[in-house]
$ cat final_8.cif   # mmCIF, C-alpha atoms
data_protein
loop_
_atom_site.label_atom_id
_atom_site.label_comp_id
_atom_site.auth_asym_id
_atom_site.auth_seq_id
_atom_site.Cartn_x
_atom_site.Cartn_y
_atom_site.Cartn_z
CA MET A 1 1.90 28.79 -7.23
CA SER A 2 0.31 25.57 -8.46
CA ARG A 3 -2.86 23.70 -7.60
CA ILE A 4 -2.07 20.04 -6.84
CA LEU A 5 -4.53 17.19 -6.27
CA LEU A 6 -3.51 14.01 -4.43
CA ALA A 7 -5.90 11.07 -4.86
CA TRP A 8 -6.40 7.83 -2.93
CA GLU A 9 -9.11 5.54 -4.32
CA LEU A 10 -8.52 1.89 -3.32
CA GLY A 11 -6.99 0.11 -0.35
CA SER A 12 -7.51 0.38 3.39
CA ASN A 13 -5.90 1.49 6.64
CA LEU A 14 -3.45 4.37 7.01
CA GLY A 15 -0.63 3.43 4.62
CA HIS A 16 -1.86 5.41 1.63
CA LEU A 17 -2.46 8.64 3.55
CA SER A 18 0.79 8.24 5.48
CA ARG A 19 2.80 8.42 2.23
CA LEU A 20 0.70 11.28 0.82
CA LEU A 21 1.12 13.23 4.06
CA PRO A 22 4.84 14.15 3.68
CA LEU A 23 4.22 15.24 0.09
CA ALA A 24 1.18 17.33 1.03
CA ARG A 25 3.06 18.98 3.89
CA ARG A 26 6.03 19.89 1.71
CA LEU A 27 3.93 21.16 -1.18
CA LYS A 28 1.76 23.25 1.14
CA ALA A 29 4.85 24.67 2.86
CA HIS A 30 6.12 25.75 -0.55
CA GLY A 31 2.95 27.77 -1.12
CA HIS A 32 1.01 25.41 -3.38
CA GLU A 33 -2.72 24.75 -3.10
CA VAL A 34 -3.11 21.10 -2.09
CA LEU A 35 -6.26 19.00 -1.94
CA VAL A 36 -6.44 15.31 -1.03
CA VAL A 37 -9.31 13.24 -2.43
CA ALA A 38 -9.47 10.41 0.11
CA ARG A 39 -11.19 7.04 0.22
CA ASP A 40 -11.69 7.13 4.00
CA LEU A 41 -12.70 10.44 5.59
CA ALA A 42 -12.19 9.23 9.16
CA HIS A 43 -8.59 8.30 8.37
CA ALA A 44 -8.15 11.57 6.47
CA ALA A 45 -9.35 13.52 9.49
CA GLN A 46 -6.88 11.63 11.67
CA VAL A 47 -3.87 12.04 9.36
CA LEU A 48 -4.47 15.27 7.44
CA GLY A 49 -6.71 17.26 9.76
CA PRO A 50 -4.13 18.05 12.44
CA VAL A 51 -1.73 19.60 9.89
CA GLY A 52 -4.37 21.56 8.00
CA ILE A 53 -4.36 19.65 4.71
CA PRO A 54 -7.85 19.95 3.11
CA PHE A 55 -9.55 16.79 1.90
CA ILE A 56 -12.80 15.57 0.33
CA GLN A 57 -14.45 12.21 -0.23
CA ALA A 58 -13.26 10.12 -3.17
CA PRO A 59 -15.98 8.70 -5.47
CA GLN A 60 -16.77 5.09 -4.58
CA SER A 61 -18.96 2.35 -5.98
CA LYS A 62 -21.56 0.74 -3.74
CA ARG A 63 -22.16 -2.05 -6.27
CA LEU A 64 -18.97 -4.05 -5.90
CA LEU A 65 -18.80 -7.45 -7.57
CA ARG A 66 -19.14 -10.27 -5.06
CA ILE A 67 -15.77 -12.00 -4.67
CA HIS A 68 -15.84 -15.81 -4.79
CA THR A 69 -12.17 -16.44 -5.59
CA GLN A 70 -8.91 -14.62 -5.02
CA PRO A 71 -8.03 -12.31 -7.93
CA ALA A 72 -5.57 -13.63 -10.50
CA SER A 73 -4.32 -10.28 -11.80
CA TYR A 74 -4.68 -6.51 -11.52
CA ALA A 75 -7.40 -6.68 -14.18
CA ASP A 76 -9.26 -9.11 -11.94
CA LEU A 77 -9.06 -6.59 -9.09
CA LEU A 78 -10.57 -3.91 -11.32
CA ARG A 79 -13.55 -6.19 -11.99
CA TYR A 80 -14.27 -6.20 -8.28
CA HIS A 81 -14.01 -2.41 -8.01
CA GLY A 82 -16.56 -1.20 -10.52
CA TRP A 83 -14.96 -2.03 -13.87
CA ALA A 84 -17.09 -5.11 -14.61
CA GLU A 85 -19.92 -3.22 -16.32
CA SER A 86 -19.99 0.11 -18.13
CA SER A 87 -22.88 1.87 -16.37
CA GLY A 88 -21.27 1.68 -12.94
CA LEU A 89 -17.86 2.55 -14.33
CA TRP A 90 -19.36 5.48 -16.25
CA GLY A 91 -20.80 6.79 -12.99
CA LEU A 92 -17.45 6.58 -11.22
CA VAL A 93 -15.58 8.24 -14.09
CA HIS A 94 -18.24 10.96 -14.29
CA ALA A 95 -17.85 11.65 -10.57
CA TRP A 96 -14.05 11.83 -10.84
CA THR A 97 -14.17 14.15 -13.87
CA ASN A 98 -16.49 16.46 -11.93
CA VAL A 99 -13.97 16.56 -9.09
CA PHE A 100 -11.21 17.46 -11.55
CA ARG A 101 -13.30 20.17 -13.20
CA MET A 102 -14.16 21.74 -9.86
CA VAL A 103 -10.58 21.71 -8.61
CA MET A 104 -8.81 22.37 -11.95
CA PRO A 105 -5.44 21.06 -10.70
CA HIS A 106 -2.24 21.68 -12.62
CA VAL A 107 -1.10 18.16 -11.78
CA MET A 108 -2.57 15.13 -10.02
CA VAL A 109 -0.69 12.49 -8.03
CA MET A 110 -2.53 9.17 -7.95
CA ASP A 111 -2.11 6.69 -5.09
CA TYR A 112 -3.79 3.36 -5.99
CA SER A 113 -6.42 5.25 -8.00
CA PRO A 114 -7.06 3.43 -11.30
CA THR A 115 -10.54 4.85 -11.95
CA ALA A 116 -9.25 8.35 -11.28
CA LEU A 117 -6.52 7.64 -13.85
CA LEU A 118 -9.17 6.61 -16.37
CA ALA A 119 -11.06 9.84 -15.67
CA ALA A 120 -7.86 11.82 -16.18
CA ARG A 121 -7.73 10.36 -19.68
CA VAL A 122 -11.13 11.97 -20.26
CA THR A 123 -10.08 15.38 -18.99
CA GLY A 124 -6.56 15.32 -20.40
CA SER A 125 -5.10 16.10 -16.97
CA ALA A 126 -1.42 15.74 -16.14
CA CYS A 127 -0.80 12.79 -13.81
CA ALA A 128 1.89 11.08 -11.79
CA LEU A 129 1.72 7.77 -9.94
CA ILE A 130 2.95 6.79 -6.50
CA GLY A 131 2.60 3.42 -4.80
CA THR A 132 3.96 -0.04 -4.18
CA GLY A 133 4.79 -2.52 -6.90
CA PHE A 134 1.42 -4.18 -6.38
CA GLU A 135 -0.48 -0.93 -6.93
CA ILE A 136 1.43 -0.04 -10.12
CA PRO A 137 1.34 -3.01 -12.50
CA PRO A 138 4.06 -3.61 -15.11
CA SER A 139 3.79 -1.90 -18.49
CA ARG A 140 2.96 -5.09 -20.37
CA GLN A 141 0.25 -6.18 -22.76
CA PRO A 142 -1.65 -7.98 -21.34
CA LEU A 143 -1.02 -7.27 -17.67
CA PRO A 144 0.67 -10.30 -16.08
CA THR A 145 -0.91 -12.65 -13.59
CA PHE A 146 0.23 -12.20 -10.02
CA PRO A 147 3.69 -13.82 -9.97
CA GLY A 148 4.08 -17.09 -8.12
CA PHE A 149 0.48 -16.99 -6.93
CA PRO A 150 -1.19 -20.42 -7.07
CA GLY A 151 -4.65 -18.97 -7.75
CA ALA A 152 -3.46 -16.96 -10.75
CA ASN A 153 -5.05 -18.72 -13.69
CA LEU A 154 -3.83 -17.23 -16.97
CA ASP A 155 -7.08 -17.87 -18.83
CA ASN A 156 -9.12 -16.17 -16.13
CA ALA A 157 -6.71 -13.22 -16.07
CA LEU A 158 -6.97 -12.78 -19.84
CA LYS A 159 -10.76 -12.92 -19.70
CA ALA A 160 -10.81 -10.36 -16.91
CA GLU A 161 -8.54 -8.01 -18.87
CA ALA A 162 -10.67 -8.33 -22.01
CA GLN A 163 -13.79 -7.55 -19.98
CA VAL A 164 -12.50 -4.48 -18.16
CA LEU A 165 -10.75 -3.13 -21.26
CA ASP A 166 -14.02 -3.39 -23.19
CA GLN A 167 -15.98 -1.64 -20.42
CA ALA A 168 -13.35 1.08 -20.07
CA ASN A 169 -13.39 1.79 -23.81
CA ARG A 170 -17.20 1.99 -23.80
CA VAL A 171 -16.95 4.66 -21.13
CA LEU A 172 -14.18 6.52 -22.96
CA GLU A 173 -16.22 6.49 -26.17
CA ALA A 174 -19.19 7.94 -24.27
CA PHE A 175 -16.94 10.81 -23.17
CA ARG A 176 -15.41 11.10 -26.67
CA ALA A 177 -11.98 10.38 -25.16
CA PRO A 178 -9.13 8.35 -26.74
CA ARG A 179 -9.60 4.59 -26.51
CA LEU A 180 -7.18 2.32 -24.69
CA GLN A 181 -5.15 0.00 -26.89
CA ALA A 182 -4.18 -1.99 -23.81
CA LEU A 183 -5.07 -1.84 -20.12
CA SER A 184 -1.50 -0.85 -19.33
CA ASP A 185 -2.17 2.46 -21.15
CA VAL A 186 -4.09 3.58 -18.04
CA PHE A 187 -0.83 3.66 -16.08
CA ALA A 188 1.23 5.45 -18.75
CA VAL A 189 1.71 8.76 -16.93
CA GLU A 190 4.43 11.40 -16.90
CA GLN A 191 6.18 10.13 -13.77
CA ARG A 192 5.99 7.11 -11.44
CA TRP A 193 7.49 6.62 -7.98
CA PHE A 194 7.62 3.21 -6.31
CA THR A 195 7.48 3.45 -2.52
CA THR A 196 9.37 0.21 -2.07
CA PHE A 197 12.71 -1.33 -3.04
CA PRO A 198 13.42 -3.57 -6.05
CA GLU A 199 13.76 -6.66 -3.84
CA LEU A 200 10.25 -6.11 -2.47
CA ASP A 201 8.51 -5.19 -5.72
CA HIS A 202 5.58 -7.61 -5.94
CA TYR A 203 6.36 -8.26 -9.62
CA SER A 204 10.14 -8.40 -8.93
CA ALA A 205 12.62 -5.68 -9.84
CA ARG A 206 11.78 -3.51 -12.88
CA PRO A 207 14.72 -1.81 -14.57
CA GLY A 208 14.20 1.84 -15.35
CA GLU A 209 11.61 2.50 -12.66
CA CYS A 210 12.14 5.00 -9.83
CA TYR A 211 12.25 3.28 -6.44
CA VAL A 212 12.10 5.81 -3.59
CA GLY A 213 11.41 3.47 -0.68
CA PRO A 214 8.77 3.95 2.04
CA ILE A 215 8.35 7.70 2.51
CA GLY A 216 5.30 7.48 4.78
CA GLU A 217 4.99 9.30 8.08
CA VAL A 218 3.19 7.57 10.96
CA VAL A 219 0.91 9.90 12.90
CA ASP A 220 -0.10 9.64 16.56
CA SER A 221 2.41 6.90 17.29
CA GLN A 222 3.44 6.25 20.87
CA ARG A 223 6.80 5.23 22.24
CA VAL A 224 6.71 1.87 23.98
CA ALA A 225 9.64 0.41 25.90
CA TRP A 226 10.51 -3.27 25.54
CA PRO A 227 9.82 -5.34 28.65
CA SER A 228 13.16 -6.21 30.23
CA GLY A 229 14.66 -9.56 31.12
CA HIS A 230 13.96 -11.52 27.89
CA ALA A 231 16.42 -13.07 25.46
CA HIS A 232 14.22 -12.30 22.44
CA ARG A 233 11.88 -9.46 21.55
CA ILE A 234 8.95 -9.89 19.14
CA PHE A 235 7.05 -7.02 17.55
CA ALA A 236 3.65 -8.10 16.25
CA TYR A 237 1.18 -6.21 14.06
CA LEU A 238 -2.13 -8.07 13.89
CA ARG A 239 -5.62 -7.18 12.70
CA PRO A 240 -8.89 -9.03 13.25
CA ASP A 241 -8.80 -10.52 9.72
CA THR A 242 -5.27 -11.89 10.10
CA PRO A 243 -5.46 -15.63 9.35
CA ASN A 244 -5.24 -17.73 12.53
CA VAL A 245 -5.10 -14.58 14.63
CA GLY A 246 -6.35 -16.37 17.75
CA ALA A 247 -3.72 -19.08 17.47
CA ILE A 248 -1.00 -16.48 16.81
CA VAL A 249 -1.98 -14.52 19.93
CA SER A 250 -1.95 -17.72 21.99
CA ALA A 251 1.49 -18.64 20.64
CA LEU A 252 2.81 -15.18 21.48
CA LYS A 253 1.44 -15.49 25.00
CA SER A 254 3.16 -18.85 25.54
CA SER A 255 6.43 -17.60 24.07
CA ALA A 256 9.33 -16.82 26.39
CA ALA A 257 10.07 -13.67 24.37
CA ALA A 258 9.10 -10.11 25.21
CA VAL A 259 6.17 -9.08 23.00
CA VAL A 260 4.89 -5.71 21.87
CA CYS A 261 1.74 -6.15 19.79
CA TYR A 262 -0.01 -3.43 17.84
CA GLY A 263 -3.53 -4.82 17.46
CA PRO A 264 -6.05 -2.27 16.20
CA GLY A 265 -9.55 -3.69 16.21
CA LEU A 266 -8.71 -6.90 18.06
CA SER A 267 -11.55 -8.14 20.24
CA SER A 268 -11.37 -7.66 23.98
CA GLU A 269 -11.25 -11.45 24.29
CA LEU A 270 -8.10 -11.65 22.14
CA ALA A 271 -6.60 -8.66 23.91
CA ASP A 272 -7.18 -10.25 27.30
CA SER A 273 -5.72 -13.57 26.11
CA LEU A 274 -2.36 -11.88 25.42
CA GLN A 275 -2.04 -10.46 28.91
CA ARG A 276 1.05 -11.76 30.71
CA PRO A 277 4.24 -10.33 32.19
CA GLY A 278 6.50 -9.29 29.36
CA ALA A 279 3.71 -8.68 26.82
CA ILE A 280 2.24 -5.32 25.84
CA LEU A 281 -0.81 -4.80 23.59
CA SER A 282 -1.45 -1.39 22.05
CA THR A 283 -4.45 -0.32 19.96
CA GLN A 284 -2.59 2.88 19.04
CA ALA A 285 0.22 2.91 16.47
CA VAL A 286 3.60 2.42 18.11
CA ASP A 287 6.87 4.15 17.24
CA LEU A 288 8.65 1.56 15.11
CA GLN A 289 11.83 3.61 14.90
CA SER A 290 12.40 3.11 18.61
CA LEU A 291 11.18 -0.51 18.77
CA LEU A 292 12.55 -2.23 15.68
CA PRO A 293 16.30 -1.70 16.24
CA GLU A 294 16.09 -4.02 19.27
CA ALA A 295 13.54 -6.49 17.85
CA SER A 296 14.44 -10.12 17.21
CA LEU A 297 11.42 -10.85 15.00
CA CYS A 298 8.48 -9.13 13.35
CA VAL A 299 5.19 -11.07 13.22
CA SER A 300 2.49 -9.55 11.00
CA TYR A 301 -0.18 -10.01 8.36
CA SER A 302 2.46 -8.86 5.83
CA PRO A 303 1.57 -5.21 5.16
CA ALA A 304 4.20 -3.83 2.80
CA GLY A 305 5.01 -0.80 4.95
CA THR A 306 5.64 -2.68 8.18
CA VAL A 307 7.59 -5.44 6.44
CA THR A 308 9.84 -2.89 4.75
CA GLN A 309 10.44 -0.88 7.92
CA ALA A 310 11.38 -4.04 9.80
CA LEU A 311 13.78 -5.22 7.10
CA LEU A 312 15.44 -1.80 7.05
CA LYS A 313 16.33 -2.50 10.68
CA GLY A 314 17.51 -6.03 9.87
CA VAL A 315 14.57 -7.78 11.54
CA PRO A 316 13.50 -11.23 10.22
CA GLN A 317 9.82 -11.90 9.50
CA LEU A 318 7.09 -14.40 10.37
CA LEU A 319 4.14 -13.59 8.11
CA ALA A 320 0.45 -14.52 8.05
CA PRO A 321 -0.76 -12.79 4.88
CA ALA A 322 -4.46 -12.00 4.77
CA HIS A 323 -4.98 -11.18 1.07
CA VAL A 324 -3.27 -11.45 -2.30
CA GLU A 325 -1.17 -8.27 -1.95
CA ALA A 326 0.12 -9.42 1.43
CA GLN A 327 0.79 -12.90 0.05
CA LEU A 328 2.93 -11.44 -2.73
CA THR A 329 4.82 -9.32 -0.19
CA ALA A 330 5.45 -12.44 1.87
CA GLN A 331 6.75 -14.25 -1.23
CA ARG A 332 9.36 -11.55 -1.74
CA VAL A 333 10.53 -11.89 1.88
CA VAL A 334 10.81 -15.67 1.55
CA CYS A 335 12.66 -15.30 -1.78
CA MET A 336 15.30 -13.12 -0.13
CA GLY A 337 15.62 -15.63 2.71
CA ALA A 338 14.58 -13.19 5.44
CA GLY A 339 11.69 -15.07 6.98
CA LEU A 340 8.82 -17.55 6.95
CA THR A 341 5.19 -17.55 5.83
CA LEU A 342 2.51 -19.34 7.82
CA SER A 343 0.06 -21.47 5.86
CA ARG A 344 -3.65 -20.67 6.02
CA VAL A 345 -4.53 -23.44 8.50
CA GLN A 346 -2.48 -23.40 11.68
CA THR A 347 -2.65 -24.56 15.29
CA GLU A 348 -1.13 -22.82 18.26
CA ALA A 349 1.49 -25.58 18.54
CA ARG A 350 2.54 -25.24 14.89
CA ILE A 351 2.74 -21.47 15.16
CA LYS A 352 4.86 -21.81 18.30
CA THR A 353 7.20 -24.08 16.33
CA SER A 354 7.37 -21.51 13.53
CA LEU A 355 8.10 -18.74 16.07
CA ASP A 356 10.98 -20.75 17.51
CA ARG A 357 12.30 -21.51 14.03
CA ALA A 358 12.07 -17.87 12.93
CA LEU A 359 13.87 -16.73 16.09
CA GLY A 360 16.54 -19.41 15.90
CA THR A 361 17.46 -19.53 12.21
CA LEU A 362 20.69 -17.60 11.62
CA ALA A 363 20.10 -17.50 7.86
CA PHE A 364 16.96 -15.38 8.33
CA GLN A 365 18.89 -12.95 10.50
CA LYS A 366 21.77 -12.87 8.01
CA HIS A 367 19.60 -12.04 5.00
CA ALA A 368 17.55 -9.43 6.88
CA ALA A 369 20.79 -7.84 8.08
CA ALA A 370 22.15 -7.83 4.52
CA PHE A 371 19.07 -5.93 3.31
CA ALA A 372 19.48 -3.41 6.12
CA GLU A 373 23.16 -2.93 5.31
CA LYS A 374 22.44 -2.42 1.60
CA TYR A 375 20.03 0.41 2.41
CA ARG A 376 21.89 1.71 5.46
CA THR A 377 22.03 5.26 4.04
CA TYR A 378 18.37 5.31 3.03
CA ASP A 379 16.67 8.52 4.19
CA ALA A 380 12.87 8.68 3.86
CA ALA A 381 12.76 12.46 4.38
CA ARG A 382 15.33 13.02 1.64
CA GLU A 383 13.36 10.85 -0.77
CA ALA A 384 10.13 12.68 0.10
CA ASP A 385 11.91 15.96 -0.66
CA LEU A 386 12.95 14.66 -4.07
CA VAL A 387 9.44 13.44 -4.92
CA ALA A 388 7.88 16.74 -3.82
CA ASP A 389 10.42 18.66 -5.93
CA ALA A 390 9.56 16.50 -8.94
CA ILE A 391 5.82 17.14 -8.42
CA GLU A 392 6.50 20.88 -8.31
CA ALA A 393 8.49 20.69 -11.54
CA LEU A 394 5.71 18.69 -13.19
CA ALA A 395 3.10 21.20 -12.03
CA SER A 396 5.13 24.11 -13.40
CA ARG A 397 5.16 22.48 -16.83
CA HIS A 398 1.36 22.44 -16.74
CA ALA A 399 0.85 25.94 -15.37
CA PRO A 400 -2.15 28.03 -16.50
CA GLY A 401 -1.88 28.91 -20.17
CA ARG A 402 -0.03 25.69 -21.04
CA ARG A 403 -2.46 23.22 -19.53
CA ALA A 404 -4.62 21.16 -21.87
CA GLU A 405 -8.24 22.30 -22.05
CA LEU A 406 -10.67 19.99 -20.31
CA ARG A 407 -12.96 18.25 -22.73
CA ALA A 408 -16.68 18.85 -22.52
#
$ encode --input "final_8.cif" --output "structure tokens"
Amino acid sequence: MSRILLAWELGSNLGHLSRLLPLARRLKAHGHEVLVVARDLAHAAQVLGPVGIPFIQAPQSKRLLRIHTQPASYADLLRYHGWAESSGLWGLVHAWTNVFRMVMPHVMVMDYSPTALLAARVTGSACALIGTGFEIPPSRQPLPTFPGFPGANLDNALKAEAQVLDQANRVLEAFRAPRLQALSDVFAVEQRWFTTFPELDHYSARPGECYVGPIGEVVDSQRVAWPSGHAHRIFAYLRPDTPNVGAIVSALKSSAAAVVCYGPGLSSELADSLQRPGAILSTQAVDLQSLLPEASLCVSYSPAGTVTQALLKGVPQLLAPAHVEAQLTAQRVVCMGAGLTLSRVQTEARIKTSLDRALGTLAFQKHAAAFAEKYRTYDAAREADLVADAIEALASRHAPGRRAELRA
């Protein structure tokens, strides 16, 4: 049997572990040794611990670049995460290579783990990639600016790419590893799986790529019944950093619709302000498979997983994106005509108007329903089976005796 490492380096919340979970479970059930290197140990304990998947802490930088502007490109993001100067990047790569040498995996599956990918170039390890379109940039030289994003200045993006490419090559030279000709070389691996659909790819559809859809499994979710006696039903997923979160909660309270809100981390003041007949607030993940088929609208900060799950059930969107990835997700929804995006500055009255518009616009319902119909036969478990099978096949090609020797 093979030894397989699954890595999660960047990003937050449970989405990354939720899509590694079905792969880890299948690979372990097939007798493989599986180890997850996780960014957040508390989340790993919550998701992986109950099913006996071992995990360790992923290397992280404590010297992140202070962010003054929104990033213009993937290269810009790397600057903020330790790639802006070679000494810090060298430390991260050194830590990752030590993890690889201790584990000696036959294959590694990287989930939003660019520094781990750079370290794999040092060790010559076999890699595959899994993630959304945002997390796997296009194979272009240079990497493109974020599409349709008003803060994406081309000159700044080119400068950022030149900087991180130079720092990465300094580190590679220190390890006597092959230099990068372009930043996109980091993502040139043996196999890539996009956990989204072409319509929701942040960079738009990419011919030739493997789109497997959202394969994640939600753990510890609870079934919640819709309050009865309402013409409309709104599912909301809000976090404390959601733009205008207070105004959104107030608008939901004043709405005549039934509301089920998943609000992890919301203050007790916000939670109390939503209390009314016909509204339910949960700090524990709710079972979307039971809620979404009867929902009239999904209101959220535009996380890719929730947006996709709602569209698969034909539910229109009202989105308040909190960061650049969420903003690009929201752009894709607007482009397909399946919802609205709230601007950064909103009042309760304006949000209430947007809620009414999102609930009452037949075109939003029509386009969301068309997406759901197109992917009516989509089966997340079947896709997870196919990805796990492909990982096994990749691992077998790099079995002991055929695997490249790790460089000193």
$ axis_aligned_box --input "final_8.cif" --around "stretch 113-128 of chain A" --padding-each-side "6 Å" --output "AutoDock Vina command-line options"
--center_x -4.6 --center_y 9.8 --center_z -14.2 --size_x 25.0 --size_y 24.7 --size_z 24.4
$ closest_residue --input "final_8.cif" --among "A:Gln191, A:Ser113, A:Thr361, A:Gln284" --to "A:Ala395" --atoms "only C-alpha atoms"
A:Gln191
$ residues_around --input "final_8.cif" --residues "stretch 224-238 of chain A" --least-positions-apart "2" --cutoff "8 Å" --atoms "all atoms listed in the file" --output "PDB file with C-alpha atoms, in the frame of the given file"
ATOM      1  CA  GLN A 222       3.440   6.250  20.870  1.00  0.00           C
ATOM      2  CA  PRO A 240      -8.890  -9.030  13.250  1.00  0.00           C
ATOM      3  CA  THR A 242      -5.270 -11.890  10.100  1.00  0.00           C
ATOM      4  CA  VAL A 245      -5.100 -14.580  14.630  1.00  0.00           C
ATOM      5  CA  ALA A 256       9.330 -16.820  26.390  1.00  0.00           C
ATOM      6  CA  ALA A 257      10.070 -13.670  24.370  1.00  0.00           C
ATOM      7  CA  ALA A 258       9.100 -10.110  25.210  1.00  0.00           C
ATOM      8  CA  VAL A 259       6.170  -9.080  23.000  1.00  0.00           C
ATOM      9  CA  VAL A 260       4.890  -5.710  21.870  1.00  0.00           C
ATOM     10  CA  CYS A 261       1.740  -6.150  19.790  1.00  0.00           C
ATOM     11  CA  TYR A 262      -0.010  -3.430  17.840  1.00  0.00           C
ATOM     12  CA  GLY A 263      -3.530  -4.820  17.460  1.00  0.00           C
ATOM     13  CA  PRO A 264      -6.050  -2.270  16.200  1.00  0.00           C
ATOM     14  CA  LEU A 266      -8.710  -6.900  18.060  1.00  0.00           C
ATOM     15  CA  GLY A 278       6.500  -9.290  29.360  1.00  0.00           C
ATOM     16  CA  ALA A 279       3.710  -8.680  26.820  1.00  0.00           C
ATOM     17  CA  VAL A 286       3.600   2.420  18.110  1.00  0.00           C
ATOM     18  CA  ASP A 287       6.870   4.150  17.240  1.00  0.00           C
ATOM     19  CA  SER A 290      12.400   3.110  18.610  1.00  0.00           C
ATOM     20  CA  LEU A 291      11.180  -0.510  18.770  1.00  0.00           C
ATOM     21  CA  LEU A 292      12.550  -2.230  15.680  1.00  0.00           C
ATOM     22  CA  GLU A 294      16.090  -4.020  19.270  1.00  0.00           C
ATOM     23  CA  ALA A 295      13.540  -6.490  17.850  1.00  0.00           C
ATOM     24  CA  SER A 296      14.440 -10.120  17.210  1.00  0.00           C
ATOM     25  CA  LEU A 297      11.420 -10.850  15.000  1.00  0.00           C
ATOM     26  CA  CYS A 298       8.480  -9.130  13.350  1.00  0.00           C
ATOM     27  CA  VAL A 299       5.190 -11.070  13.220  1.00  0.00           C
ATOM     28  CA  SER A 300       2.490  -9.550  11.000  1.00  0.00           C
ATOM     29  CA  TYR A 301      -0.180 -10.010   8.360  1.00  0.00           C
ATOM     30  CA  LEU A 359      13.870 -16.730  16.090  1.00  0.00           C
TER      31      LEU A 359
END
$ resolve_selection --input "final_8.cif" --expression "the PyMOL selection byres ((chain A and resi 336) around 10)" --output "list of chain:residue names"
A:Glu199, A:Leu200, A:Gln331, A:Arg332, A:Val333, A:Val334, A:Cys335, A:Gly337, A:Ala338, A:Gly339, A:Phe364, A:His367, A:Ala368, A:Ala370, A:Phe371
$ closest_residue --input "final_8.cif" --among "A:Asp241, A:Asp379, A:Glu135, A:Glu33" --to "A:Gln309" --atoms "all atoms listed in the file"
A:Asp379
$ residues_around --input "final_8.cif" --residues "stretch 177-185 of chain A" --least-positions-apart "5" --cutoff "6 Å" --atoms "all atoms listed in the file" --output "ChimeraX atom specification"
/A:122,139,165,169,172
$ residues_around --input "final_8.cif" --residues "stretch 381-384 of chain A" --least-positions-apart "2" --cutoff "7 Å" --atoms "all atoms listed in the file" --output "count of residues only"
8
$ resolve_selection --input "final_8.cif" --expression "the PyMOL selection byres ((chain A and resi 56) around 7)" --output "list in words"
Val36, Val37, Ala38, Phe55, Gln57 and Ala58 of chain A
$ residues_around --input "final_8.cif" --residues "A:Thr341" --least-positions-apart "2" --cutoff "7 Å" --atoms "all atoms listed in the file" --output "number ranges by chain"
A: 318-320, 330, 343
$ residues_around --input "final_8.cif" --residues "A:Arg140" --least-positions-apart "2" --cutoff "12 Å" --atoms "all atoms listed in the file" --output "PyMOL selection string"
chain A and resi 74+136-138+142-145+161+181-188+203+206
$ atom_distance --input "final_8.cif" --atom1 "atom CA of A:Val99" --atom2 "atom CA of A:Leu21"
20.3 Å
$ atom_distance --input "final_8.cif" --atom1 "atom CA of A:Arg121" --atom2 "atom CA of A:His398"
15.4 Å
$ residues_near_point --input "final_8.cif" --point "(-7.8, -16.7, -20.5)" --cutoff "12 Å" --atoms "all atoms listed in the file" --output "PyMOL selection string"
chain A and resi 72-73+75-76+142-145+152-163
$ atom_distance --input "final_8.cif" --atom1 "atom CA of A:Arg344" --atom2 "atom CA of A:Thr308"
22.4 Å
$ resolve_selection --input "final_8.cif" --expression "the PyMOL selection byres ((chain A and resi 346) around 12)" --output "list in words"
Thr242, Pro243, Asn244, Val245, Gly246, Ala247, Ile248, Ser250, Ala251, Ala320, Thr341, Leu342, Ser343, Arg344, Val345, Thr347, Glu348, Ala349, Arg350, Ile351, Lys352, Thr353 and Ser354 of chain A
$ write_last_selection --input "final_8.cif" --atoms "C-alpha atoms" --output "PDB file, in the coordinates of the input"
ATOM      1  CA  THR A 242      -5.270 -11.890  10.100  1.00  0.00           C
ATOM      2  CA  PRO A 243      -5.460 -15.630   9.350  1.00  0.00           C
ATOM      3  CA  ASN A 244      -5.240 -17.730  12.530  1.00  0.00           C
ATOM      4  CA  VAL A 245      -5.100 -14.580  14.630  1.00  0.00           C
ATOM      5  CA  GLY A 246      -6.350 -16.370  17.750  1.00  0.00           C
ATOM      6  CA  ALA A 247      -3.720 -19.080  17.470  1.00  0.00           C
ATOM      7  CA  ILE A 248      -1.000 -16.480  16.810  1.00  0.00           C
ATOM      8  CA  SER A 250      -1.950 -17.720  21.990  1.00  0.00           C
ATOM      9  CA  ALA A 251       1.490 -18.640  20.640  1.00  0.00           C
ATOM     10  CA  ALA A 320       0.450 -14.520   8.050  1.00  0.00           C
ATOM     11  CA  THR A 341       5.190 -17.550   5.830  1.00  0.00           C
ATOM     12  CA  LEU A 342       2.510 -19.340   7.820  1.00  0.00           C
ATOM     13  CA  SER A 343       0.060 -21.470   5.860  1.00  0.00           C
ATOM     14  CA  ARG A 344      -3.650 -20.670   6.020  1.00  0.00           C
ATOM     15  CA  VAL A 345      -4.530 -23.440   8.500  1.00  0.00           C
ATOM     16  CA  THR A 347      -2.650 -24.560  15.290  1.00  0.00           C
ATOM     17  CA  GLU A 348      -1.130 -22.820  18.260  1.00  0.00           C
ATOM     18  CA  ALA A 349       1.490 -25.580  18.540  1.00  0.00           C
ATOM     19  CA  ARG A 350       2.540 -25.240  14.890  1.00  0.00           C
ATOM     20  CA  ILE A 351       2.740 -21.470  15.160  1.00  0.00           C
ATOM     21  CA  LYS A 352       4.860 -21.810  18.300  1.00  0.00           C
ATOM     22  CA  THR A 353       7.200 -24.080  16.330  1.00  0.00           C
ATOM     23  CA  SER A 354       7.370 -21.510  13.530  1.00  0.00           C
TER      24      SER A 354
END
$ closest_residue --input "final_8.cif" --among "A:Trp83, A:Tyr112, A:Trp90, A:Phe134" --to "A:Glu325" --atoms "all atoms listed in the file"
A:Phe134
$ closest_residue --input "final_8.cif" --among "A:Arg276, A:Arg357, A:Arg223, A:Lys28" --to "A:Lys253" --atoms "only C-alpha atoms"
A:Arg276
